[in-house]
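Text of the file final36.txt, holding compact mmCIF, C-alpha atoms:
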# COMPACT_ATOMS: atom_id res chain seq x y z
CA MET A 396 78.54 16.04 -105.68
CA LEU A 397 82.28 15.87 -105.20
CA THR A 398 81.82 13.39 -102.36
CA ALA A 399 79.57 11.15 -104.46
CA THR A 400 81.95 11.37 -107.39
CA GLY A 401 84.99 10.59 -105.26
CA ARG A 402 83.27 7.50 -103.86
CA LEU A 403 82.21 6.30 -107.33
CA LEU A 404 85.70 6.92 -108.71
CA LEU A 405 87.48 4.96 -105.99
CA GLU A 406 84.97 2.14 -105.80
CA GLU A 407 84.14 1.62 -109.46
CA GLY A 408 86.71 3.55 -111.48
CA LEU A 409 86.55 6.35 -114.02
CA PRO A 410 84.05 4.68 -116.41
CA ALA A 411 81.44 4.80 -113.62
CA VAL A 412 81.72 8.61 -113.37
CA THR A 413 78.99 9.77 -115.73
CA PHE A 414 76.77 12.82 -115.16
CA ASP A 415 73.73 10.50 -115.06
CA ARG A 416 75.19 8.35 -112.34
CA VAL A 417 76.57 11.23 -110.25
CA ALA A 418 73.24 13.11 -110.47
CA ARG A 419 71.45 10.01 -109.24
CA GLU A 420 73.89 9.27 -106.42
CA ALA A 421 74.15 12.87 -105.24
CA GLY A 422 70.43 13.62 -105.65
CA SER A 423 71.23 16.58 -107.87
CA SER A 424 70.32 17.47 -111.44
CA LYS A 425 72.37 16.89 -114.56
CA VAL A 426 71.80 20.54 -115.50
CA THR A 427 73.71 21.58 -112.38
CA LEU A 428 76.57 19.22 -113.20
CA TYR A 429 76.81 20.54 -116.76
CA LYS A 430 76.83 24.07 -115.40
CA TRP A 431 79.84 23.45 -113.16
CA TRP A 432 81.96 20.90 -115.02
CA PRO A 433 82.74 20.70 -118.74
CA SER A 434 82.92 16.91 -118.66
CA PRO A 435 82.67 13.93 -116.29
CA GLY A 436 86.48 13.60 -116.46
CA ALA A 437 86.87 17.15 -115.16
CA LEU A 438 84.46 16.38 -112.33
CA ALA A 439 86.38 13.18 -111.55
CA ALA A 440 89.74 14.99 -111.39
CA GLU A 441 88.35 17.64 -109.02
CA ALA A 442 86.68 14.99 -106.89
CA TYR A 443 89.95 13.09 -106.61
CA PHE A 444 91.74 16.27 -105.55
CA ALA A 445 89.09 16.90 -102.88
CA ARG A 446 89.02 13.27 -101.76
CA SER A 447 92.80 12.95 -101.42
CA ALA A 448 93.55 16.40 -99.99
CA ARG A 449 93.20 15.47 -96.31
CA VAL A 450 95.27 12.27 -96.65
CA LEU A 451 97.96 14.02 -98.70
CA THR A 452 98.56 16.96 -96.36
CA PHE A 453 102.20 18.00 -96.06
CA PRO A 454 103.23 17.85 -92.41
CA ASP A 455 105.85 20.27 -91.14
CA THR A 456 107.52 18.98 -88.01
CA GLY A 457 110.74 20.78 -88.94
CA ASP A 458 112.36 17.49 -90.05
CA LEU A 459 112.14 17.38 -93.84
CA ARG A 460 113.20 13.76 -94.26
CA ALA A 461 110.64 12.53 -91.74
CA ASP A 462 107.90 14.69 -93.22
CA LEU A 463 108.59 13.50 -96.77
CA VAL A 464 108.52 9.88 -95.62
CA THR A 465 105.19 10.50 -93.87
CA GLN A 466 103.60 12.21 -96.86
CA LEU A 467 104.90 9.81 -99.50
CA THR A 468 103.92 6.81 -97.41
CA ALA A 469 100.37 8.19 -97.28
CA PHE A 470 100.50 8.74 -101.06
CA VAL A 471 101.72 5.21 -101.75
CA ARG A 472 99.18 3.69 -99.34
CA LEU A 473 96.40 5.63 -101.08
CA MET A 474 97.49 3.92 -104.29
CA THR A 475 98.15 0.45 -102.95
CA HIS A 476 95.73 0.01 -100.03
CA GLU A 477 92.89 2.40 -100.72
CA GLY A 478 92.24 1.66 -104.35
CA ALA A 479 93.48 4.90 -105.92
CA ALA A 480 95.92 3.21 -108.32
CA ALA A 481 93.23 2.23 -110.82
CA PRO A 482 91.30 5.53 -110.96
CA VAL A 483 94.53 7.56 -111.03
CA SER A 484 95.87 5.42 -113.89
CA GLN A 485 92.57 5.82 -115.72
CA LEU A 486 92.57 9.59 -115.22
CA VAL A 487 96.17 10.03 -116.39
CA GLY A 488 95.52 7.58 -119.22
CA ALA A 489 92.45 9.49 -120.41
CA ALA A 490 94.38 12.76 -120.06
CA GLN A 491 96.71 11.63 -122.87
CA THR A 492 93.92 11.66 -125.46
CA ASP A 493 91.04 13.71 -124.01
CA PRO A 494 91.84 17.45 -123.78
CA HIS A 495 89.12 18.05 -121.14
CA VAL A 496 90.52 15.40 -118.84
CA ALA A 497 94.06 16.58 -119.61
CA ARG A 498 93.28 20.10 -118.46
CA ALA A 499 91.24 18.96 -115.47
CA TRP A 500 93.89 16.53 -114.29
CA ALA A 501 96.90 18.78 -114.83
CA GLU A 502 95.36 22.08 -113.71
CA GLY A 503 92.90 20.68 -111.18
CA TYR A 504 95.10 18.07 -109.54
CA ALA A 505 98.73 17.50 -110.55
CA GLN A 506 99.97 21.08 -110.77
CA PRO A 507 98.18 22.29 -107.58
CA ARG A 508 99.59 19.27 -105.72
CA ARG A 509 103.07 20.20 -107.00
CA GLU A 510 102.61 23.71 -105.64
CA LEU A 511 101.76 22.28 -102.20
CA ALA A 512 104.92 20.15 -102.34
CA ARG A 513 107.00 23.16 -103.38
CA GLU A 514 105.75 25.13 -100.35
CA ARG A 515 106.99 22.47 -97.94
CA LEU A 516 110.29 22.18 -99.83
CA ARG A 517 110.80 25.95 -99.86
CA ALA A 518 110.41 26.05 -96.07
CA ALA A 519 113.05 23.30 -95.79
CA GLN A 520 115.35 25.17 -98.14
CA ARG A 521 115.07 28.33 -96.03
CA GLN A 522 116.08 26.25 -93.00
CA GLY A 523 119.12 24.85 -94.79
CA GLN A 524 117.75 21.31 -95.06
CA LEU A 525 117.99 21.54 -98.85
CA ARG A 526 120.92 23.08 -100.69
CA ALA A 527 120.37 26.66 -101.83
CA ASP A 528 120.90 25.56 -105.43
CA ALA A 529 118.63 22.49 -105.23
CA ASP A 530 115.91 22.56 -107.88
CA LEU A 531 112.66 22.00 -105.98
CA ASP A 532 110.69 20.95 -109.06
CA ILE A 533 113.27 18.23 -109.63
CA VAL A 534 112.82 17.08 -106.03
CA VAL A 535 109.10 16.74 -106.82
CA ASP A 536 109.92 14.75 -109.97
CA HIS A 537 112.31 12.54 -108.00
CA LEU A 538 109.81 11.69 -105.27
CA TRP A 539 106.28 11.59 -106.64
CA GLY A 540 107.41 11.22 -110.26
CA ALA A 541 109.25 8.02 -109.33
CA CYS A 542 106.02 6.51 -108.00
CA TYR A 543 104.06 7.51 -111.12
CA HIS A 544 106.89 6.10 -113.25
CA ARG A 545 106.46 2.66 -111.66
CA LEU A 546 102.66 2.89 -111.69
CA LEU A 547 102.09 4.16 -115.23
CA VAL A 548 105.19 3.58 -117.35
CA LEU A 549 106.98 0.52 -115.96
CA ARG A 550 103.75 -0.92 -114.54
CA VAL A 551 105.60 -2.76 -111.79
CA PRO A 552 104.26 -3.26 -108.26
CA PHE A 553 105.68 -1.15 -105.45
CA ASP A 554 104.79 -0.49 -101.84
CA GLU A 555 105.62 1.80 -98.97
CA ALA A 556 108.95 0.00 -98.36
CA LEU A 557 110.18 1.98 -101.37
CA VAL A 558 109.55 5.33 -99.69
CA PRO A 559 112.50 5.75 -97.27
CA ARG A 560 114.98 4.67 -99.98
CA LEU A 561 113.38 7.03 -102.48
CA VAL A 562 113.59 9.96 -100.06
CA ASP A 563 117.15 9.19 -98.94
CA GLN A 564 118.43 8.87 -102.49
CA ALA A 565 116.70 12.11 -103.55
CA LEU A 566 118.30 13.90 -100.61
CA ARG A 567 121.78 12.30 -100.62
CA GLY A 568 122.16 11.36 -104.30
CA ALA A 569 123.45 8.15 -105.81
CA ALA A 570 127.10 9.17 -106.25
CA PRO A 571 129.80 8.95 -103.58
CA GLN A 572 130.09 12.20 -101.61
CA GLY A 573 132.97 14.58 -101.94
CA MET B 856 106.51 -4.07 -140.88
CA LEU B 857 108.19 -2.56 -137.81
CA THR B 858 109.71 0.18 -139.97
CA ALA B 859 106.36 1.05 -141.55
CA THR B 860 104.65 1.00 -138.16
CA GLY B 861 107.32 3.18 -136.57
CA ARG B 862 106.95 5.75 -139.33
CA LEU B 863 103.14 5.75 -139.06
CA LEU B 864 103.32 6.05 -135.26
CA LEU B 865 105.69 9.01 -135.28
CA GLU B 866 104.06 10.83 -138.16
CA GLU B 867 100.38 10.24 -137.47
CA GLY B 868 100.14 8.88 -133.93
CA LEU B 869 98.75 5.70 -132.39
CA PRO B 870 95.24 5.90 -133.94
CA ALA B 871 96.86 5.53 -137.40
CA VAL B 872 98.41 2.19 -136.43
CA THR B 873 95.78 -0.30 -137.59
CA PHE B 874 96.52 -3.72 -139.12
CA ASP B 875 94.81 -2.56 -142.35
CA ARG B 876 97.00 0.48 -142.67
CA VAL B 877 100.26 -1.27 -141.73
CA ALA B 878 99.55 -4.14 -144.17
CA ARG B 879 99.00 -1.59 -146.93
CA GLU B 880 102.08 0.50 -146.13
CA ALA B 881 104.38 -2.50 -145.63
CA GLY B 882 102.99 -4.48 -148.56
CA SER B 883 102.27 -7.44 -146.29
CA SER B 884 99.09 -9.31 -145.39
CA LYS B 885 96.87 -8.77 -142.38
CA VAL B 886 97.04 -12.50 -141.71
CA THR B 887 100.79 -12.19 -141.13
CA LEU B 888 100.26 -9.24 -138.77
CA TYR B 889 97.64 -11.14 -136.76
CA LYS B 890 100.00 -14.09 -136.55
CA TRP B 891 102.80 -12.04 -135.00
CA TRP B 892 101.07 -9.41 -132.88
CA PRO B 893 97.99 -9.78 -130.66
CA SER B 894 96.89 -6.20 -131.36
CA PRO B 895 97.91 -3.03 -133.21
CA GLY B 896 98.94 -1.53 -129.86
CA ALA B 897 101.40 -4.37 -129.30
CA LEU B 898 102.82 -3.86 -132.78
CA ALA B 899 103.10 -0.11 -132.11
CA ALA B 900 104.99 -0.65 -128.83
CA GLU B 901 107.47 -3.01 -130.48
CA ALA B 902 107.91 -0.68 -133.43
CA TYR B 903 108.65 2.20 -131.08
CA PHE B 904 111.24 0.10 -129.26
CA ALA B 905 112.90 -0.78 -132.59
CA ARG B 906 112.67 2.77 -133.90
CA SER B 907 114.15 4.39 -130.80
CA ALA B 908 116.80 1.75 -129.99
CA ARG B 909 119.60 3.29 -132.05
CA VAL B 910 118.97 6.83 -130.77
CA LEU B 911 118.67 5.67 -127.17
CA THR B 912 121.90 3.65 -126.98
CA PHE B 913 123.75 3.97 -123.67
CA PRO B 914 127.27 5.21 -124.35
CA ASP B 915 130.08 4.10 -122.05
CA THR B 916 132.98 6.53 -122.19
CA GLY B 917 133.86 5.72 -118.58
CA ASP B 918 132.35 9.04 -117.38
CA LEU B 919 128.91 8.25 -115.99
CA ARG B 920 127.71 11.84 -115.66
CA ALA B 921 128.67 12.69 -119.24
CA ASP B 922 127.12 9.47 -120.58
CA LEU B 923 123.85 10.03 -118.71
CA VAL B 924 123.65 13.60 -120.03
CA THR B 925 124.25 12.31 -123.58
CA GLN B 926 121.64 9.57 -123.36
CA LEU B 927 118.97 11.64 -121.60
CA THR B 928 119.49 14.53 -124.01
CA ALA B 929 118.84 12.11 -126.90
CA PHE B 930 115.73 10.85 -125.08
CA VAL B 931 114.39 14.35 -124.45
CA ARG B 932 115.15 15.43 -128.04
CA LEU B 933 113.30 12.36 -129.33
CA MET B 934 110.27 13.61 -127.40
CA THR B 935 110.55 17.31 -128.12
CA HIS B 936 112.15 17.53 -131.58
CA GLU B 937 111.35 14.26 -133.28
CA GLY B 938 107.68 13.94 -132.49
CA ALA B 939 107.78 11.05 -130.03
CA ALA B 940 105.96 12.89 -127.23
CA ALA B 941 102.50 12.37 -128.75
CA PRO B 942 102.80 8.67 -129.68
CA VAL B 943 104.52 7.84 -126.38
CA SER B 944 101.76 9.64 -124.45
CA GLN B 945 99.15 7.79 -126.48
CA LEU B 946 100.82 4.43 -125.88
CA VAL B 947 101.18 4.95 -122.13
CA GLY B 948 97.65 6.38 -122.04
CA ALA B 949 96.19 3.36 -123.83
CA ALA B 950 98.23 1.06 -121.57
CA GLN B 951 96.17 2.26 -118.58
CA THR B 952 92.95 0.76 -119.93
CA ASP B 953 93.91 -1.77 -122.65
CA PRO B 954 95.61 -4.89 -121.24
CA HIS B 955 97.19 -5.76 -124.61
CA VAL B 956 98.84 -2.36 -124.92
CA ALA B 957 99.76 -2.45 -121.23
CA ARG B 958 101.67 -5.71 -121.64
CA ALA B 959 103.22 -4.68 -124.96
CA TRP B 960 104.37 -1.32 -123.62
CA ALA B 961 105.66 -2.53 -120.26
CA GLU B 962 107.20 -5.83 -121.39
CA GLY B 963 108.13 -4.79 -124.93
CA TYR B 964 109.47 -1.33 -124.24
CA ALA B 965 109.65 0.17 -120.73
CA GLN B 966 111.05 -2.77 -118.79
CA PRO B 967 113.64 -3.78 -121.45
CA ARG B 968 114.75 -0.13 -121.64
CA ARG B 969 115.12 -0.13 -117.84
CA GLU B 970 117.32 -3.23 -118.06
CA LEU B 971 119.59 -1.43 -120.56
CA ALA B 972 119.86 1.52 -118.18
CA ARG B 973 120.63 -0.79 -115.27
CA GLU B 974 123.53 -2.36 -117.22
CA ARG B 975 125.19 1.02 -117.71
CA LEU B 976 124.57 1.96 -114.07
CA ARG B 977 125.96 -1.37 -112.79
CA ALA B 978 129.19 -0.76 -114.71
CA ALA B 979 129.45 2.69 -113.10
CA GLN B 980 128.76 1.21 -109.68
CA ARG B 981 131.56 -1.34 -110.13
CA GLN B 982 133.89 1.56 -110.97
CA GLY B 983 132.89 3.45 -107.84
CA GLN B 984 131.03 6.21 -109.69
CA LEU B 985 127.86 5.24 -107.83
CA ARG B 986 127.74 4.39 -104.15
CA ALA B 987 127.73 0.67 -103.40
CA ASP B 988 124.38 1.09 -101.63
CA ALA B 989 122.77 3.22 -104.36
CA ASP B 990 119.52 1.70 -105.64
CA LEU B 991 119.90 1.56 -109.42
CA ASP B 992 116.18 1.21 -110.08
CA ILE B 993 115.66 4.45 -108.17
CA VAL B 994 118.31 6.13 -110.33
CA VAL B 995 116.23 5.07 -113.34
CA ASP B 996 113.08 6.49 -111.72
CA HIS B 997 114.93 9.72 -110.91
CA LEU B 998 116.19 10.28 -114.45
CA TRP B 999 113.74 8.92 -117.01
CA GLY B 1000 110.82 8.86 -114.56
CA ALA B 1001 111.22 12.60 -114.02
CA CYS B 1002 110.78 13.22 -117.76
CA TYR B 1003 107.71 10.99 -117.95
CA HIS B 1004 106.33 12.76 -114.87
CA ARG B 1005 106.45 16.11 -116.66
CA LEU B 1006 105.20 14.66 -119.93
CA LEU B 1007 102.31 12.54 -118.66
CA VAL B 1008 101.31 13.64 -115.17
CA LEU B 1009 102.15 17.33 -114.84
CA ARG B 1010 101.83 17.89 -118.58
CA VAL B 1011 104.28 20.79 -118.52
CA PRO B 1012 106.76 21.57 -121.29
CA PHE B 1013 110.42 20.70 -120.78
CA ASP B 1014 113.50 20.58 -122.95
CA GLU B 1015 117.07 19.37 -122.92
CA ALA B 1016 118.15 22.24 -120.63
CA LEU B 1017 116.57 20.18 -117.86
CA VAL B 1018 118.92 17.24 -118.39
CA PRO B 1019 122.19 18.34 -116.72
CA ARG B 1020 120.31 19.57 -113.63
CA LEU B 1021 118.33 16.33 -113.47
CA VAL B 1022 121.49 14.23 -113.69
CA ASP B 1023 123.45 16.32 -111.19
CA GLN B 1024 120.66 16.28 -108.63
CA ALA B 1025 120.19 12.50 -109.01
CA LEU B 1026 123.91 12.01 -108.45
CA ARG B 1027 124.56 14.61 -105.73
CA GLY B 1028 121.15 14.81 -104.07
CA ALA B 1029 119.20 17.86 -102.95
CA ALA B 1030 120.40 18.03 -99.34
CA PRO B 1031 123.60 19.69 -98.14
CA GLN B 1032 126.50 17.24 -98.01
CA GLY B 1033 128.03 15.97 -94.82
Take the structure in the file and give it back as structure tokens.
Amino acid sequence: MLTATGRLLLEEGLPAVTFDRVAREAGSSKVTLYKWWPSPGALAAEAYFARSARVLTFPDTGDLRADLVTQLTAFVRLMTHEGAAAPVSQLVGAAQTDPHVARAWAEGYAQPRRELARERLRAAQRQGQLRADADLDIVVDHLWGACYHRLLVLRVPFDEALVPRLVDQALRGAAPQG
Amino acid sequence: MLTATGRLLLEEGLPAVTFDRVAREAGSSKVTLYKWWPSPGALAAEAYFARSARVLTFPDTGDLRADLVTQLTAFVRLMTHEGAAAPVSQLVGAAQTDPHVARAWAEGYAQPRRELARERLRAAQRQGQLRADADLDIVVDHLWGACYHRLLVLRVPFDEALVPRLVDQALRGAAPQG
């Protein structure tokens, strides 16, 4: 059911994710869907988490900068080349007015993804690749939040060329050193 | 009309902003509203820009860090203490599916606000308070984008205590210096 939902979401967008349609595509019953998910939006958020999990893995080669560039490039490509920009925008958009989608998106996708990012950042901090007093949640805001800012708020195009500059500026800062 | 719309938006949220209601509150005619704005969402975005402009002025005392803390604190307080979080979320949410709101929000609010931020950052860059190779649009993403990230995507509470840490990490970076 998650696979069918993920495909529908990426190919046709959030409006296509109805319990009727998913039941038909997945060969399951609507009763089962109602039993497991409070709303189609909740199902869509979980399906997007499942669908994107493999692509959005956090590598750990020991080189934080390289690993962040790898992961964020995959994230940006998912948006720009694999059609996730529209369904993600629709999910976050719906989350602003629909409490079911809000909870599903935040608790089923955004916050768990942040925890995965924190894990990788904590490992880097232990190895001295991030300052001991660096705020890891702010690093998350600075990297992935910047992409969402352009996607949702500014609504300007961006591509993977942004990624190395975004990572370098998050790590080195914008002010002169010293 | 902008004043009446701004009040409605902040007190009752985006659904209250209809041409009927604004015409009644402002003592104007719906014909006039239709002549000037393509949709209530467009009117709401412009009213929010007008309403927030005075509060969100960029000071220039010559000290970039202090000025950014002042401006971002005003921005965060507007969200958390003056009721802007809900209407802003609703506007950005609607922008994801309604092309009229999308254009009004991005072109009538978010992108003009970014240009105002850039002006202040360019002055700081000329004075050597930002590196010559710092990307000013990324600074904007790192500061205001981080707040929107928590508001819209993560949907976690935040307050003005976040601001100095956000500014310092954007300026100094998260990695050890040197």
Residue with smallest distance to Pro967 in chain B - pool B:Leu1017, B:Ala908, B:Ala859, B:Val872, counting only C-alpha atoms:
B:Ala908
Tell me the residues of chain A close to chain B, meaning within 9 Å using only C-alpha atoms, as number ranges by chain.
A: 481, 484-492, 497-498, 500-502, 504-506, 509, 520, 523-531, 533-545, 547-551, 560-561, 563-573
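Interatomic distance, CA of Ala461 in chain A against CA of His476 in chain A: 21.2 Å.
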In Å to one decimal, how far is CA of Thr452 in chain A from CA of Phe470 in chain A?
9.7 Å
Using CA of Leu438 in chain A and CA of Gly408 in chain A as the two end points, give the distance in Å to one decimal.
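CA of Gly408 in chain A lies 13.1 Å from CA of Leu438 in chain A.
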Find the residue from A:Gly401, A:Gly478, A:Pro494, A:Pro552 that sits nearest to Phe444 in chain A; use only C-alpha atoms when measuring.
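Residue with the minimum atom-to-atom distance to Phe444 in chain A: A:Gly401.
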Put the listed atoms of range 535-553 of chain A in a box along x, y and z with 4 Å added on every side and give me the centre and edge lengths in Å to one decimal, as lines of an AutoDock Vina configuration file.
center_x = 107.2
center_y = 6.7
center_z = -111.3
size_x = 18.2
size_y = 28.0
size_z = 20.1
I want to know what sits within 10 Å of Leu403 in chain A, based on only C-alpha atoms, with residues of the same chain fewer than 6 positions away left out; could you give that as a list in words?
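Within the cut-off, the hits are Leu397, Leu409, Pro410, Ala411, Val412, Thr413, Arg416, Val417, Glu420, Ala439, Ala442 and Pro482 of chain A.
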Reconstructed range 466-483 of chain A, atom set N, CA, C and O atoms, as a PDB file, in the coordinates of the input:
ATOM      1  N   GLN A 466     104.520  11.835 -95.783  1.00  0.00           N
ATOM      2  CA  GLN A 466     103.600  12.210 -96.860  1.00  0.00           C
ATOM      3  C   GLN A 466     103.620  11.186 -97.980  1.00  0.00           C
ATOM      4  O   GLN A 466     102.575  10.761 -98.474  1.00  0.00           O
ATOM      5  N   LEU A 467     104.812  10.776 -98.393  1.00  0.00           N
ATOM      6  CA  LEU A 467     104.900   9.810 -99.500  1.00  0.00           C
ATOM      7  C   LEU A 467     104.352   8.449 -99.120  1.00  0.00           C
ATOM      8  O   LEU A 467     103.800   7.740 -99.968  1.00  0.00           O
ATOM      9  N   THR A 468     104.503   8.080 -97.852  1.00  0.00           N
ATOM     10  CA  THR A 468     103.920   6.810 -97.410  1.00  0.00           C
ATOM     11  C   THR A 468     102.400   6.890 -97.534  1.00  0.00           C
ATOM     12  O   THR A 468     101.754   5.941 -98.009  1.00  0.00           O
ATOM     13  N   ALA A 469     101.820   8.020 -97.137  1.00  0.00           N
ATOM     14  CA  ALA A 469     100.370   8.190 -97.280  1.00  0.00           C
ATOM     15  C   ALA A 469      99.966   8.129 -98.753  1.00  0.00           C
ATOM     16  O   ALA A 469      98.953   7.504 -99.114  1.00  0.00           O
ATOM     17  N   PHE A 470     100.767   8.748 -99.609  1.00  0.00           N
ATOM     18  CA  PHE A 470     100.500   8.740-101.060  1.00  0.00           C
ATOM     19  C   PHE A 470     100.539   7.314-101.604  1.00  0.00           C
ATOM     20  O   PHE A 470      99.630   6.875-102.324  1.00  0.00           O
ATOM     21  N   VAL A 471     101.587   6.580-101.240  1.00  0.00           N
ATOM     22  CA  VAL A 471     101.720   5.210-101.750  1.00  0.00           C
ATOM     23  C   VAL A 471     100.607   4.321-101.192  1.00  0.00           C
ATOM     24  O   VAL A 471     100.034   3.497-101.910  1.00  0.00           O
ATOM     25  N   ARG A 472     100.266   4.500 -99.925  1.00  0.00           N
ATOM     26  CA  ARG A 472      99.180   3.690 -99.340  1.00  0.00           C
ATOM     27  C   ARG A 472      97.839   4.002-100.008  1.00  0.00           C
ATOM     28  O   ARG A 472      97.008   3.110-100.179  1.00  0.00           O
ATOM     29  N   LEU A 473      97.627   5.262-100.358  1.00  0.00           N
ATOM     30  CA  LEU A 473      96.400   5.630-101.080  1.00  0.00           C
ATOM     31  C   LEU A 473      96.307   4.835-102.385  1.00  0.00           C
ATOM     32  O   LEU A 473      95.235   4.364-102.771  1.00  0.00           O
ATOM     33  N   MET A 474      97.456   4.697-103.048  1.00  0.00           N
ATOM     34  CA  MET A 474      97.490   3.920-104.290  1.00  0.00           C
ATOM     35  C   MET A 474      97.290   2.436-104.030  1.00  0.00           C
ATOM     36  O   MET A 474      96.489   1.779-104.686  1.00  0.00           O
ATOM     37  N   THR A 475      98.068   1.900-103.072  1.00  0.00           N
ATOM     38  CA  THR A 475      98.150   0.450-102.950  1.00  0.00           C
ATOM     39  C   THR A 475      97.085  -0.144-102.037  1.00  0.00           C
ATOM     40  O   THR A 475      96.666  -1.273-102.247  1.00  0.00           O
ATOM     41  N   HIS A 476      96.669   0.581-101.005  1.00  0.00           N
ATOM     42  CA  HIS A 476      95.730   0.010-100.030  1.00  0.00           C
ATOM     43  C   HIS A 476      94.339   0.603-100.121  1.00  0.00           C
ATOM     44  O   HIS A 476      93.403   0.057 -99.578  1.00  0.00           O
ATOM     45  N   GLU A 477      94.202   1.758-100.736  1.00  0.00           N
ATOM     46  CA  GLU A 477      92.890   2.400-100.720  1.00  0.00           C
ATOM     47  C   GLU A 477      92.308   2.535-102.117  1.00  0.00           C
ATOM     48  O   GLU A 477      91.395   3.333-102.356  1.00  0.00           O
ATOM     49  N   GLY A 478      92.881   1.791-103.049  1.00  0.00           N
ATOM     50  CA  GLY A 478      92.240   1.660-104.350  1.00  0.00           C
ATOM     51  C   GLY A 478      92.418   2.832-105.302  1.00  0.00           C
ATOM     52  O   GLY A 478      91.714   2.915-106.313  1.00  0.00           O
ATOM     53  N   ALA A 479      93.350   3.741-105.025  1.00  0.00           N
ATOM     54  CA  ALA A 479      93.480   4.900-105.920  1.00  0.00           C
ATOM     55  C   ALA A 479      94.306   4.592-107.167  1.00  0.00           C
ATOM     56  O   ALA A 479      94.251   5.354-108.137  1.00  0.00           O
ATOM     57  N   ALA A 480      95.055   3.483-107.171  1.00  0.00           N
ATOM     58  CA  ALA A 480      95.920   3.210-108.320  1.00  0.00           C
ATOM     59  C   ALA A 480      95.118   3.121-109.617  1.00  0.00           C
ATOM     60  O   ALA A 480      95.491   3.723-110.631  1.00  0.00           O
ATOM     61  N   ALA A 481      94.012   2.394-109.589  1.00  0.00           N
ATOM     62  CA  ALA A 481      93.230   2.230-110.820  1.00  0.00           C
ATOM     63  C   ALA A 481      92.620   3.548-111.299  1.00  0.00           C
ATOM     64  O   ALA A 481      92.840   3.944-112.451  1.00  0.00           O
ATOM     65  N   PRO A 482      91.870   4.274-110.449  1.00  0.00           N
ATOM     66  CA  PRO A 482      91.300   5.530-110.960  1.00  0.00           C
ATOM     67  C   PRO A 482      92.357   6.566-111.365  1.00  0.00           C
ATOM     68  O   PRO A 482      92.155   7.290-112.347  1.00  0.00           O
ATOM     69  N   VAL A 483      93.470   6.615-110.648  1.00  0.00           N
ATOM     70  CA  VAL A 483      94.530   7.560-111.030  1.00  0.00           C
ATOM     71  C   VAL A 483      95.109   7.175-112.389  1.00  0.00           C
ATOM     72  O   VAL A 483      95.310   8.021-113.263  1.00  0.00           O
TER      73      VAL A 483
END
